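S.K.: Sharing coords.csv below, CSV, C-alpha atoms:
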chain,number,residue,atom,x,y,z
A,1,MET,CA,-200.6,63.3,-120.6
A,2,THR,CA,-197.1,64.1,-121.9
A,3,GLN,CA,-194.1,61.9,-121.1
A,4,GLN,CA,-190.7,62.2,-122.7
A,5,PRO,CA,-187.2,61.4,-121.9
A,6,ILE,CA,-184.9,64.3,-122.7
A,7,SER,CA,-181.2,63.8,-122.4
A,8,GLY,CA,-181.8,61.3,-119.6
A,9,THR,CA,-184.6,63.3,-118.1
A,10,LEU,CA,-188.0,61.8,-117.5
A,11,ILE,CA,-190.8,64.3,-117.8
A,12,GLN,CA,-194.5,63.6,-117.5
A,13,ASP,CA,-197.5,65.9,-117.1
A,14,LEU,CA,-200.1,64.6,-114.6
A,15,THR,CA,-203.5,66.1,-113.9
A,16,LEU,CA,-204.0,66.6,-110.2
A,17,GLN,CA,-207.5,67.0,-108.6
A,18,CYS,CA,-207.6,69.8,-106.0
A,19,LEU,CA,-210.1,71.9,-104.1
A,20,ASP,CA,-210.0,75.7,-104.3
A,21,ARG,CA,-210.6,78.0,-101.4
A,22,GLN,CA,-214.4,77.6,-101.8
A,23,SER,CA,-214.0,73.8,-101.8
A,24,ARG,CA,-214.8,73.5,-105.5
A,25,PRO,CA,-213.0,70.8,-107.5
A,26,VAL,CA,-210.2,72.1,-109.7
A,27,GLU,CA,-207.9,70.3,-112.1
A,28,LEU,CA,-204.3,71.3,-112.0
A,29,VAL,CA,-201.6,70.0,-114.4
A,30,ALA,CA,-198.2,69.5,-112.8
A,31,THR,CA,-195.1,68.3,-114.6
A,32,PHE,CA,-193.3,65.5,-112.8
A,33,GLY,CA,-189.6,65.4,-113.6
A,34,TYR,CA,-186.8,63.0,-112.7
A,35,GLN,CA,-183.1,63.3,-113.6
A,36,PRO,CA,-180.5,60.5,-112.9
A,37,ASP,CA,-178.0,63.2,-111.8
A,38,ASP,CA,-180.4,64.2,-109.0
A,39,PRO,CA,-181.4,60.6,-108.3
A,40,TYR,CA,-183.1,61.0,-104.9
A,41,ALA,CA,-185.7,63.6,-106.0
A,42,VAL,CA,-188.8,63.9,-108.1
A,43,TRP,CA,-189.6,67.5,-109.0
A,44,LEU,CA,-193.1,68.7,-109.4
A,45,THR,CA,-193.6,71.9,-111.3
A,46,PHE,CA,-196.9,73.8,-111.1
A,47,HIS,CA,-197.5,76.2,-114.0
A,48,ALA,CA,-199.2,79.3,-112.6
A,49,PRO,CA,-200.0,82.5,-114.5
A,50,ASP,CA,-197.5,84.4,-112.4
A,51,GLY,CA,-194.7,81.8,-112.7
A,52,GLU,CA,-193.7,78.3,-112.0
A,53,VAL,CA,-193.7,76.7,-108.5
A,54,ARG,CA,-191.4,73.8,-108.0
A,55,TRP,CA,-191.4,71.2,-105.2
A,56,ALA,CA,-188.9,68.4,-104.7
A,57,ILE,CA,-190.2,65.2,-103.2
A,58,SER,CA,-188.1,62.3,-102.2
A,59,ARG,CA,-188.6,59.5,-104.8
A,60,ALA,CA,-188.5,56.9,-101.9
A,61,LEU,CA,-191.1,58.9,-100.0
A,62,MET,CA,-193.4,58.9,-103.1
A,63,LEU,CA,-193.0,55.1,-103.5
A,64,HIS,CA,-193.8,54.6,-99.9
A,65,GLY,CA,-196.8,56.9,-100.1
A,66,LEU,CA,-198.4,54.8,-102.8
A,67,THR,CA,-199.1,52.1,-100.2
A,68,ALA,CA,-199.0,53.7,-96.8
A,69,PRO,CA,-199.0,57.2,-95.1
A,70,ALA,CA,-195.6,58.8,-95.5
A,71,GLY,CA,-193.9,62.1,-94.9
A,72,GLU,CA,-194.0,64.9,-92.3
A,73,GLY,CA,-193.6,68.6,-92.4
A,74,ASP,CA,-194.0,70.2,-95.8
A,75,ILE,CA,-195.0,67.1,-97.8
A,76,ARG,CA,-197.3,64.3,-96.7
A,77,LEU,CA,-198.6,61.5,-98.9
A,78,TRP,CA,-201.1,58.7,-98.5
A,79,PRO,CA,-203.1,56.3,-100.6
A,80,SER,CA,-206.8,56.8,-101.0
A,81,ILE,CA,-209.8,56.1,-103.2
A,82,ASP,CA,-211.5,59.0,-105.1
A,83,GLU,CA,-215.2,59.6,-105.6
A,84,ASP,CA,-215.1,57.4,-108.8
A,85,ALA,CA,-213.6,54.5,-106.8
A,86,ARG,CA,-210.2,54.9,-108.4
A,87,ALA,CA,-206.9,54.5,-106.4
A,88,VAL,CA,-205.2,57.9,-105.9
A,89,LEU,CA,-202.2,59.2,-104.2
A,90,VAL,CA,-203.0,62.2,-102.0
A,91,ILE,CA,-200.2,64.8,-101.8
A,92,ASP,CA,-200.5,67.4,-99.0
A,93,PHE,CA,-198.2,70.4,-99.7
A,94,ARG,CA,-197.8,72.8,-96.8
A,95,SER,CA,-195.9,76.1,-96.7
A,96,PRO,CA,-195.9,79.3,-94.7
A,97,HIS,CA,-198.0,80.7,-97.6
A,98,GLY,CA,-200.7,78.1,-97.6
A,99,ARG,CA,-201.7,74.5,-98.2
A,100,LEU,CA,-202.6,72.5,-101.2
A,101,VAL,CA,-204.1,69.0,-101.0
A,102,ALA,CA,-204.0,67.2,-104.4
A,103,GLN,CA,-204.9,63.8,-105.7
A,104,ALA,CA,-203.1,62.0,-108.6
A,105,LEU,CA,-204.2,58.7,-110.1
A,106,THR,CA,-202.0,56.0,-108.5
A,107,SER,CA,-201.6,54.2,-111.8
A,108,GLU,CA,-200.1,57.3,-113.4
A,109,VAL,CA,-197.7,58.1,-110.5
A,110,HIS,CA,-196.8,54.4,-110.3
A,111,GLY,CA,-196.0,54.4,-114.0
A,112,PHE,CA,-193.8,57.5,-113.7
A,113,LEU,CA,-191.9,56.1,-110.7
A,114,THR,CA,-191.5,52.7,-112.5
A,115,ARG,CA,-189.8,54.5,-115.4
A,116,SER,CA,-187.6,56.4,-113.0
A,117,LEU,CA,-186.6,53.1,-111.4
A,118,ALA,CA,-185.6,51.7,-114.8
A,119,MET,CA,-183.3,54.7,-115.1
A,120,VAL,CA,-181.9,54.5,-111.6
A,121,PRO,CA,-182.8,51.4,-109.5
A,122,LEU,CA,-183.4,51.8,-105.8
A,123,GLY,CA,-180.2,51.5,-103.9
A,124,THR,CA,-178.0,52.7,-106.8
A,125,GLU,CA,-178.7,56.4,-106.4
A,126,SER,CA,-175.3,57.2,-104.9
A,127,MET,CA,-173.6,55.8,-108.0
A,128,HIS,CA,-175.3,58.5,-110.1
A,129,LEU,CA,-174.2,61.5,-108.1
A,130,ASP,CA,-171.4,63.6,-109.3
A,131,VAL,CA,-169.8,64.4,-106.0
A,132,ASP,CA,-167.1,66.6,-107.4
A,133,ALA,CA,-169.6,68.8,-109.2
A,134,LEU,CA,-171.7,69.0,-106.1
A,135,VAL,CA,-168.8,70.1,-103.9
A,136,ALA,CA,-167.7,72.6,-106.6
A,137,SER,CA,-171.2,74.1,-106.8
A,138,ILE,CA,-171.3,74.4,-103.0
A,139,LEU,CA,-167.9,76.1,-102.9
A,140,GLY,CA,-168.6,78.3,-106.0
A,141,GLY,CA,-166.0,76.8,-108.3
A,142,SER,CA,-166.0,74.3,-111.1
A,143,ALA,CA,-165.4,70.5,-110.9
A,144,THR,CA,-162.2,70.9,-113.0
A,145,GLU,CA,-160.4,73.4,-110.8
Can you give me the file's structure in the form of C-alpha cells?
M.R.:
Amino acid sequence: MTQQPISGTLIQDLTLQCLDRQSRPVELVATFGYQPDDPYAVWLTFHAPDGEVRWAISRALMLHGLTAPAGEGDIRLWPSIDEDARAVLVIDFRSPHGRLVAQALTSEVHGFLTRSLAMVPLGTESMHLDVDALVASILGGSATE
C-alpha cells in the first residue's frame, strides 16, 4: 500500500477485491487521490493495460457509505463483511459500458478519508475552492485576466 502527500495531494493505492465475468475473484489496485483544491471529490484511478480509468466519488458519499447504503446512479456504496469476516466497503460502479462491483477494506478507506479530513475538515470545503480559477476555466480564460 502506497500513501504519500505530494504538494498537498493525498495519494494511496488500495487493493480492491472484484469478480471477473466468470465470477472468479480478482485483485485490482486502484489509486485513491484527494486534493484540497478539489475538496468535495475523491478520485479513484484504475490502471489498465490500455490506459487509466478515473472515477470521481463524493467524499461525503464515501464517508456515508462506510456505515450505511449510499448513492444512486453510477456509484453506489454500502458496508459489508467479506468471506474472511473483515469489514469492507462495497463500491458498485455502473456505466453504459458495464459494471464493476469492488470491495475495499473499511479500515483502509477509513484511514484514507481520515487523512483527507485532516487536510480539509467537513464543512470547510468551500473555503478551499478557487472560484476565480473555476470561472476562468469554464470561460476559457485565466484567473488573472
S.K.: Which of these, A:Arg54, A:Leu44, A:His110, A:Ala30, has the shortest distance to A:Thr67 once you count all atoms listed in the file?
M.R.: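 That would be A:His110, the residue with the smallest distance to A:Thr67.
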S.K.: Measuring between all atoms listed in the file, which one of A:Ile57, A:Ala70, A:Val90, A:Met119 shows the shortest distance to A:Pro36?
M.R.: A:Met119
S.K.: Kindly give the distance, in Å, that separates atom CA of A:Val53 and atom CA of A:Thr31, rounded to a single decimal.
M.R.: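 Computed distance, atom CA of A:Val53 to atom CA of A:Thr31, equals 10.5 Å.
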S.K.: Using all atoms listed in the file, pick whichever of A:Ile75, A:Ala68, A:Ala136, A:Leu14 has the shortest atom-to-atom distance to A:Thr45.
M.R.: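 Residue with the minimum atom-to-atom distance to A:Thr45: A:Leu14.
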S.K.: Quick one: distance from atom CA of A:Gly33 to atom CA of A:Asp20 in Å, one decimal?
M.R.: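 Atom CA of A:Asp20 lies 24.7 Å from atom CA of A:Gly33.
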